[in-house]
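Next comes my_file_14.pdb, with PDB, C-alpha atoms.
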```pdb
ATOM      1  CA  MET U 264       5.678 -47.478  30.749  1.00  0.00           C
ATOM      2  CA  THR U 265       8.989 -47.676  28.928  1.00  0.00           C
ATOM      3  CA  ARG U 266      12.196 -49.570  29.490  1.00  0.00           C
ATOM      4  CA  LEU U 267      14.891 -47.517  31.197  1.00  0.00           C
ATOM      5  CA  THR U 268      17.892 -46.545  29.107  1.00  0.00           C
ATOM      6  CA  ASP U 269      21.416 -47.581  30.137  1.00  0.00           C
ATOM      7  CA  THR U 270      22.018 -44.100  31.512  1.00  0.00           C
ATOM      8  CA  GLU U 271      18.812 -44.140  33.527  1.00  0.00           C
ATOM      9  CA  ARG U 272      19.620 -47.604  34.838  1.00  0.00           C
ATOM     10  CA  LYS U 273      23.085 -46.568  35.964  1.00  0.00           C
ATOM     11  CA  ALA U 274      21.639 -43.558  37.769  1.00  0.00           C
ATOM     12  CA  LEU U 275      19.557 -45.885  39.959  1.00  0.00           C
ATOM     13  CA  VAL U 276      22.564 -46.663  42.134  1.00  0.00           C
ATOM     14  CA  HIS U 277      22.434 -43.043  43.324  1.00  0.00           C
ATOM     15  CA  ASP U 278      18.654 -42.600  43.286  1.00  0.00           C
ATOM     16  CA  LEU U 279      17.901 -45.842  45.133  1.00  0.00           C
ATOM     17  CA  PRO U 280      21.008 -46.481  47.259  1.00  0.00           C
ATOM     18  CA  GLN U 281      19.372 -49.351  49.206  1.00  0.00           C
ATOM     19  CA  TRP U 282      18.753 -51.305  46.018  1.00  0.00           C
ATOM     20  CA  SER U 283      21.274 -53.063  43.822  1.00  0.00           C
ATOM     21  CA  LEU U 284      21.151 -54.080  40.182  1.00  0.00           C
ATOM     22  CA  VAL U 285      20.947 -57.850  39.754  1.00  0.00           C
ATOM     23  CA  ALA U 286      24.024 -59.263  38.006  1.00  0.00           C
ATOM     24  CA  ASP U 287      22.468 -61.664  35.528  1.00  0.00           C
ATOM     25  CA  ARG U 288      19.194 -59.925  34.668  1.00  0.00           C
ATOM     26  CA  GLU U 289      17.728 -56.443  34.353  1.00  0.00           C
ATOM     27  CA  ALA U 290      16.222 -56.109  37.813  1.00  0.00           C
ATOM     28  CA  LEU U 291      16.545 -54.358  41.172  1.00  0.00           C
ATOM     29  CA  HIS U 292      17.041 -56.256  44.412  1.00  0.00           C
ATOM     30  CA  ARG U 293      16.882 -55.461  48.106  1.00  0.00           C
ATOM     31  CA  SER U 294      17.109 -57.696  51.197  1.00  0.00           C
ATOM     32  CA  PHE U 295      15.230 -56.964  54.418  1.00  0.00           C
ATOM     33  CA  ARG U 296      15.638 -58.409  57.887  1.00  0.00           C
ATOM     34  CA  PHE U 297      13.096 -58.044  60.698  1.00  0.00           C
ATOM     35  CA  LYS U 298      12.838 -58.974  64.366  1.00  0.00           C
ATOM     36  CA  SER U 299      10.382 -61.785  63.740  1.00  0.00           C
ATOM     37  CA  PHE U 300       8.255 -63.572  61.166  1.00  0.00           C
ATOM     38  CA  SER U 301       5.292 -61.446  62.252  1.00  0.00           C
ATOM     39  CA  LYS U 302       7.189 -58.231  61.541  1.00  0.00           C
ATOM     40  CA  ALA U 303       8.378 -59.588  58.189  1.00  0.00           C
ATOM     41  CA  PHE U 304       4.881 -60.581  57.142  1.00  0.00           C
ATOM     42  CA  ALA U 305       3.381 -57.293  58.337  1.00  0.00           C
ATOM     43  CA  PHE U 306       5.844 -55.576  56.002  1.00  0.00           C
ATOM     44  CA  MET U 307       4.903 -57.927  53.168  1.00  0.00           C
ATOM     45  CA  SER U 308       1.216 -57.155  53.725  1.00  0.00           C
ATOM     46  CA  GLU U 309       1.872 -53.437  53.367  1.00  0.00           C
ATOM     47  CA  VAL U 310       3.914 -54.011  50.224  1.00  0.00           C
ATOM     48  CA  ALA U 311       1.201 -56.311  48.799  1.00  0.00           C
ATOM     49  CA  LEU U 312      -1.427 -53.586  49.154  1.00  0.00           C
ATOM     50  CA  LEU U 313       0.895 -51.020  47.580  1.00  0.00           C
ATOM     51  CA  ALA U 314       1.787 -53.374  44.741  1.00  0.00           C
ATOM     52  CA  GLU U 315      -1.856 -54.104  44.014  1.00  0.00           C
ATOM     53  CA  SER U 316      -2.762 -50.399  44.026  1.00  0.00           C
ATOM     54  CA  MET U 317       0.160 -49.627  41.693  1.00  0.00           C
ATOM     55  CA  ASN U 318      -0.712 -52.628  39.519  1.00  0.00           C
ATOM     56  CA  HIS U 319       2.930 -53.692  39.672  1.00  0.00           C
ATOM     57  CA  HIS U 320       4.000 -56.726  41.673  1.00  0.00           C
ATOM     58  CA  PRO U 321       7.303 -57.859  43.138  1.00  0.00           C
ATOM     59  CA  GLU U 322       9.049 -61.189  42.837  1.00  0.00           C
ATOM     60  CA  TRP U 323       9.726 -61.979  46.459  1.00  0.00           C
ATOM     61  CA  SER U 324      10.564 -64.629  48.968  1.00  0.00           C
ATOM     62  CA  ASN U 325      10.438 -64.948  52.731  1.00  0.00           C
ATOM     63  CA  VAL U 326      12.271 -67.210  55.148  1.00  0.00           C
ATOM     64  CA  TYR U 327      11.325 -66.487  58.766  1.00  0.00           C
ATOM     65  CA  ASN U 328      12.488 -62.896  59.445  1.00  0.00           C
ATOM     66  CA  ARG U 329      14.063 -62.281  56.045  1.00  0.00           C
ATOM     67  CA  VAL U 330      12.418 -60.914  52.900  1.00  0.00           C
ATOM     68  CA  GLU U 331      14.080 -60.713  49.480  1.00  0.00           C
ATOM     69  CA  ILE U 332      12.484 -58.484  46.865  1.00  0.00           C
ATOM     70  CA  THR U 333      13.308 -58.351  43.162  1.00  0.00           C
ATOM     71  CA  LEU U 334      11.685 -55.783  40.899  1.00  0.00           C
ATOM     72  CA  THR U 335      11.479 -55.980  37.144  1.00  0.00           C
ATOM     73  CA  THR U 336       8.876 -55.247  34.470  1.00  0.00           C
ATOM     74  CA  HIS U 337       8.055 -58.313  32.402  1.00  0.00           C
ATOM     75  CA  ASP U 338       6.067 -56.238  29.878  1.00  0.00           C
ATOM     76  CA  VAL U 339       9.147 -54.281  28.796  1.00  0.00           C
ATOM     77  CA  GLY U 340      11.658 -57.085  29.382  1.00  0.00           C
ATOM     78  CA  GLY U 341      13.652 -55.021  31.846  1.00  0.00           C
ATOM     79  CA  LEU U 342      13.421 -52.137  34.281  1.00  0.00           C
ATOM     80  CA  SER U 343      10.800 -49.416  33.939  1.00  0.00           C
ATOM     81  CA  ASP U 344       9.567 -46.388  35.842  1.00  0.00           C
ATOM     82  CA  LYS U 345       7.095 -48.744  37.565  1.00  0.00           C
ATOM     83  CA  ASP U 346      10.001 -50.507  39.273  1.00  0.00           C
ATOM     84  CA  ILE U 347      11.427 -47.192  40.466  1.00  0.00           C
ATOM     85  CA  ALA U 348       8.038 -46.111  41.814  1.00  0.00           C
ATOM     86  CA  LEU U 349       7.517 -49.414  43.641  1.00  0.00           C
ATOM     87  CA  ALA U 350      11.070 -49.369  45.049  1.00  0.00           C
ATOM     88  CA  ARG U 351      10.507 -45.864  46.408  1.00  0.00           C
ATOM     89  CA  ALA U 352       7.159 -46.874  47.898  1.00  0.00           C
ATOM     90  CA  ILE U 353       8.768 -49.908  49.585  1.00  0.00           C
ATOM     91  CA  ASP U 354      11.552 -47.690  50.950  1.00  0.00           C
ATOM     92  CA  ALA U 355       8.869 -45.423  52.406  1.00  0.00           C
ATOM     93  CA  VAL U 356       7.195 -48.407  54.142  1.00  0.00           C
ATOM     94  CA  ILE U 357      10.493 -49.312  55.767  1.00  0.00           C
ATOM     95  CA  GLY U 358      11.184 -45.685  56.658  1.00  0.00           C
ATOM     96  CA  ASP U 359      14.112 -45.040  54.305  1.00  0.00           C
TER      97      ASP U 359
ATOM     98  CA  MET V 198       9.907 -82.684  67.376  1.00  0.00           C
ATOM     99  CA  THR V 199      12.035 -85.406  65.811  1.00  0.00           C
ATOM    100  CA  ARG V 200      13.453 -85.963  62.370  1.00  0.00           C
ATOM    101  CA  LEU V 201      11.397 -88.333  60.236  1.00  0.00           C
ATOM    102  CA  THR V 202      12.915 -91.711  59.487  1.00  0.00           C
ATOM    103  CA  ASP V 203      13.493 -92.853  55.896  1.00  0.00           C
ATOM    104  CA  THR V 204      10.349 -94.995  56.088  1.00  0.00           C
ATOM    105  CA  GLU V 205       8.256 -92.120  57.402  1.00  0.00           C
ATOM    106  CA  ARG V 206       9.645 -89.818  54.729  1.00  0.00           C
ATOM    107  CA  LYS V 207       8.826 -92.262  51.941  1.00  0.00           C
ATOM    108  CA  ALA V 208       5.271 -92.611  53.277  1.00  0.00           C
ATOM    109  CA  LEU V 209       4.713 -88.882  52.737  1.00  0.00           C
ATOM    110  CA  VAL V 210       4.180 -89.414  49.015  1.00  0.00           C
ATOM    111  CA  HIS V 211       0.951 -91.243  49.916  1.00  0.00           C
ATOM    112  CA  ASP V 212      -0.040 -89.173  52.952  1.00  0.00           C
ATOM    113  CA  LEU V 213       0.506 -85.814  51.246  1.00  0.00           C
ATOM    114  CA  PRO V 214      -0.066 -86.496  47.542  1.00  0.00           C
ATOM    115  CA  GLN V 215      -0.017 -82.804  46.601  1.00  0.00           C
ATOM    116  CA  TRP V 216       3.491 -82.389  47.990  1.00  0.00           C
ATOM    117  CA  SER V 217       6.738 -83.681  46.574  1.00  0.00           C
ATOM    118  CA  LEU V 218      10.078 -84.379  48.200  1.00  0.00           C
ATOM    119  CA  VAL V 219      12.744 -81.921  47.078  1.00  0.00           C
ATOM    120  CA  ALA V 220      15.552 -83.627  45.149  1.00  0.00           C
ATOM    121  CA  ASP V 221      18.613 -82.022  46.682  1.00  0.00           C
ATOM    122  CA  ARG V 222      17.519 -81.462  50.281  1.00  0.00           C
ATOM    123  CA  GLU V 223      15.255 -82.976  52.910  1.00  0.00           C
ATOM    124  CA  ALA V 224      12.169 -80.853  52.334  1.00  0.00           C
ATOM    125  CA  LEU V 225       8.618 -80.879  51.001  1.00  0.00           C
ATOM    126  CA  HIS V 226       7.501 -78.658  48.147  1.00  0.00           C
ATOM    127  CA  ARG V 227       4.202 -77.601  46.619  1.00  0.00           C
ATOM    128  CA  SER V 228       3.361 -75.040  43.923  1.00  0.00           C
ATOM    129  CA  PHE V 229       0.124 -73.075  43.897  1.00  0.00           C
ATOM    130  CA  ARG V 230      -1.490 -70.992  41.177  1.00  0.00           C
ATOM    131  CA  PHE V 231      -4.320 -68.508  41.721  1.00  0.00           C
ATOM    132  CA  LYS V 232      -6.517 -66.272  39.592  1.00  0.00           C
ATOM    133  CA  SER V 233      -4.735 -63.097  40.630  1.00  0.00           C
ATOM    134  CA  PHE V 234      -2.097 -61.597  42.894  1.00  0.00           C
ATOM    135  CA  SER V 235      -4.846 -60.692  45.381  1.00  0.00           C
ATOM    136  CA  LYS V 236      -5.984 -64.304  45.612  1.00  0.00           C
ATOM    137  CA  ALA V 237      -2.386 -65.489  45.973  1.00  0.00           C
ATOM    138  CA  PHE V 238      -1.659 -63.017  48.749  1.00  0.00           C
ATOM    139  CA  ALA V 239      -4.933 -63.774  50.538  1.00  0.00           C
ATOM    140  CA  PHE V 240      -3.804 -67.414  50.621  1.00  0.00           C
ATOM    141  CA  MET V 241      -0.366 -66.368  51.894  1.00  0.00           C
ATOM    142  CA  SER V 242      -1.992 -64.324  54.670  1.00  0.00           C
ATOM    143  CA  GLU V 243      -3.958 -67.345  55.847  1.00  0.00           C
ATOM    144  CA  VAL V 244      -0.847 -69.510  55.767  1.00  0.00           C
ATOM    145  CA  ALA V 245       1.147 -66.835  57.625  1.00  0.00           C
ATOM    146  CA  LEU V 246      -1.356 -66.828  60.495  1.00  0.00           C
ATOM    147  CA  LEU V 247      -1.357 -70.622  60.613  1.00  0.00           C
ATOM    148  CA  ALA V 248       2.434 -70.763  60.532  1.00  0.00           C
ATOM    149  CA  GLU V 249       2.731 -68.260  63.344  1.00  0.00           C
ATOM    150  CA  SER V 250       0.190 -70.133  65.485  1.00  0.00           C
ATOM    151  CA  MET V 251       2.023 -73.430  64.842  1.00  0.00           C
ATOM    152  CA  ASN V 252       5.387 -71.751  65.448  1.00  0.00           C
ATOM    153  CA  HIS V 253       6.651 -73.295  62.236  1.00  0.00           C
ATOM    154  CA  HIS V 254       7.291 -71.164  59.184  1.00  0.00           C
ATOM    155  CA  PRO V 255       7.561 -71.921  55.473  1.00  0.00           C
ATOM    156  CA  GLU V 256      10.241 -70.931  53.007  1.00  0.00           C
ATOM    157  CA  TRP V 257       8.165 -69.407  50.268  1.00  0.00           C
ATOM    158  CA  SER V 258       8.139 -67.177  47.253  1.00  0.00           C
ATOM    159  CA  ASN V 259       5.510 -65.397  45.204  1.00  0.00           C
ATOM    160  CA  VAL V 260       5.492 -64.091  41.650  1.00  0.00           C
ATOM    161  CA  TYR V 261       2.133 -62.550  40.737  1.00  0.00           C
ATOM    162  CA  ASN V 262      -0.421 -65.396  40.919  1.00  0.00           C
ATOM    163  CA  ARG V 263       2.046 -68.161  41.790  1.00  0.00           C
ATOM    164  CA  VAL V 264       3.199 -69.254  45.240  1.00  0.00           C
ATOM    165  CA  GLU V 265       5.962 -71.802  45.897  1.00  0.00           C
ATOM    166  CA  ILE V 266       6.181 -73.301  49.378  1.00  0.00           C
ATOM    167  CA  THR V 267       9.027 -75.383  50.780  1.00  0.00           C
ATOM    168  CA  LEU V 268       8.768 -76.962  54.214  1.00  0.00           C
ATOM    169  CA  THR V 269      11.673 -78.204  56.294  1.00  0.00           C
ATOM    170  CA  THR V 270      12.679 -78.097  59.955  1.00  0.00           C
ATOM    171  CA  HIS V 271      16.015 -76.378  60.448  1.00  0.00           C
ATOM    172  CA  ASP V 272      16.200 -77.492  64.096  1.00  0.00           C
ATOM    173  CA  VAL V 273      16.366 -81.161  63.131  1.00  0.00           C
ATOM    174  CA  GLY V 274      18.202 -80.674  59.845  1.00  0.00           C
ATOM    175  CA  GLY V 275      15.432 -82.322  57.852  1.00  0.00           C
ATOM    176  CA  LEU V 276      11.735 -83.111  57.879  1.00  0.00           C
ATOM    177  CA  SER V 277       9.757 -83.397  61.110  1.00  0.00           C
ATOM    178  CA  ASP V 278       6.157 -83.855  62.225  1.00  0.00           C
ATOM    179  CA  LYS V 279       5.896 -80.049  62.205  1.00  0.00           C
ATOM    180  CA  ASP V 280       6.304 -80.051  58.424  1.00  0.00           C
ATOM    181  CA  ILE V 281       3.591 -82.669  58.033  1.00  0.00           C
ATOM    182  CA  ALA V 282       1.230 -80.707  60.287  1.00  0.00           C
ATOM    183  CA  LEU V 283       1.861 -77.458  58.387  1.00  0.00           C
ATOM    184  CA  ALA V 284       1.486 -79.185  55.006  1.00  0.00           C
ATOM    185  CA  ARG V 285      -1.878 -80.610  56.093  1.00  0.00           C
ATOM    186  CA  ALA V 286      -3.004 -77.213  57.393  1.00  0.00           C
ATOM    187  CA  ILE V 287      -2.018 -75.567  54.107  1.00  0.00           C
ATOM    188  CA  ASP V 288      -3.907 -78.264  52.163  1.00  0.00           C
ATOM    189  CA  ALA V 289      -6.948 -77.477  54.289  1.00  0.00           C
ATOM    190  CA  VAL V 290      -6.688 -73.763  53.442  1.00  0.00           C
ATOM    191  CA  ILE V 291      -6.684 -74.592  49.756  1.00  0.00           C
ATOM    192  CA  GLY V 292      -9.521 -77.079  50.190  1.00  0.00           C
ATOM    193  CA  ASP V 293      -7.605 -80.296  49.502  1.00  0.00           C
TER     194      ASP V 293
END
```
Translate the structure described by the file into structure tokens.
Amino acid sequence: MTRLTDTERKALVHDLPQWSLVADREALHRSFRFKSFSKAFAFMSEVALLAESMNHHPEWSNVYNRVEITLTTHDVGGLSDKDIALARAIDAVIGD
Amino acid sequence: MTRLTDTERKALVHDLPQWSLVADREALHRSFRFKSFSKAFAFMSEVALLAESMNHHPEWSNVYNRVEITLTTHDVGGLSDKDIALARAIDAVIGD
């Protein structure tokens, strides 16, 4: 697990088009909107199991049908390959 | 469902000692800390089922073993009896 270089970080915009780099910290962010709270929490449950199995956990919040996810790797003080892997896995859950 | 009066709101400090009134908005807040992400998400799953059954949903966030919950009632633009009921139900989940 190593911190991504500037070049690698900039490439994320193309590799993970649904995610954006957070302005004021080294992190990836994506917003999700569902039809209901139930659908939102079902999604969160899937992501929770994935996160636990990957031993890498999101910072996230939920308000009714909306879920906000931020990914970063505290151990390297920035973005790592673990964030990319989790972002891809989350995209797969949502069908992207 | 009606908005709590000032007197009712002030009484919450005694009725729900684990919760605090948010400074800049009419809402209740409580922080939780668990032994692991799994424990935190197990708690969130219980609260999600409760919230859905009560048709009243929290604003909440999770970072690893920490969960932050804010309760407010958008329909009344402040705190209502629904927030008190959900706060009590959450306290019961945690064993308070």
Exercise for the section: Would you work out the distance separating atom CA of V:Ser242 from atom CA of U:Ala355, expressed in Å to one decimal? Expected result: 21.9 Å
Practice task
Determine which residues of chain V sit within 9 Å of chain U, taking into account only C-alpha atoms, and present them as JSON, numbers by chain.
Solution key: {"V": [234, 235, 238, 242, 245, 246, 249, 253, 254, 255, 256, 257, 258, 259, 260, 261]}
Practice task
Pull out every residue that the PyMOL selection byres ((chain V and resi 212-224) around 7) matches in the shown coordinates and put them as an NGL selection string.
Solution key: :V and (208-211 or 225-227 or 267-269 or 275-276)
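Between atom CA of V:Phe231 and atom CA of U:Val356 lies a distance of 26.3 Å.
Atom pair atom CA of V:Arg200 / atom CA of V:Ala286: separated by 19.3 Å.
With all atoms listed in the file as the atoms that count, the minimum distance from U:Thr336 to the choices U:Ala303, U:Leu349, U:Val310, U:Ile357 is reached by U:Leu349.
With all atoms listed in the file as the atoms that count, the minimum distance from U:Thr265 to the choices U:Lys298, U:Asp344, U:Glu309, U:Gly358 is reached by U:Asp344.
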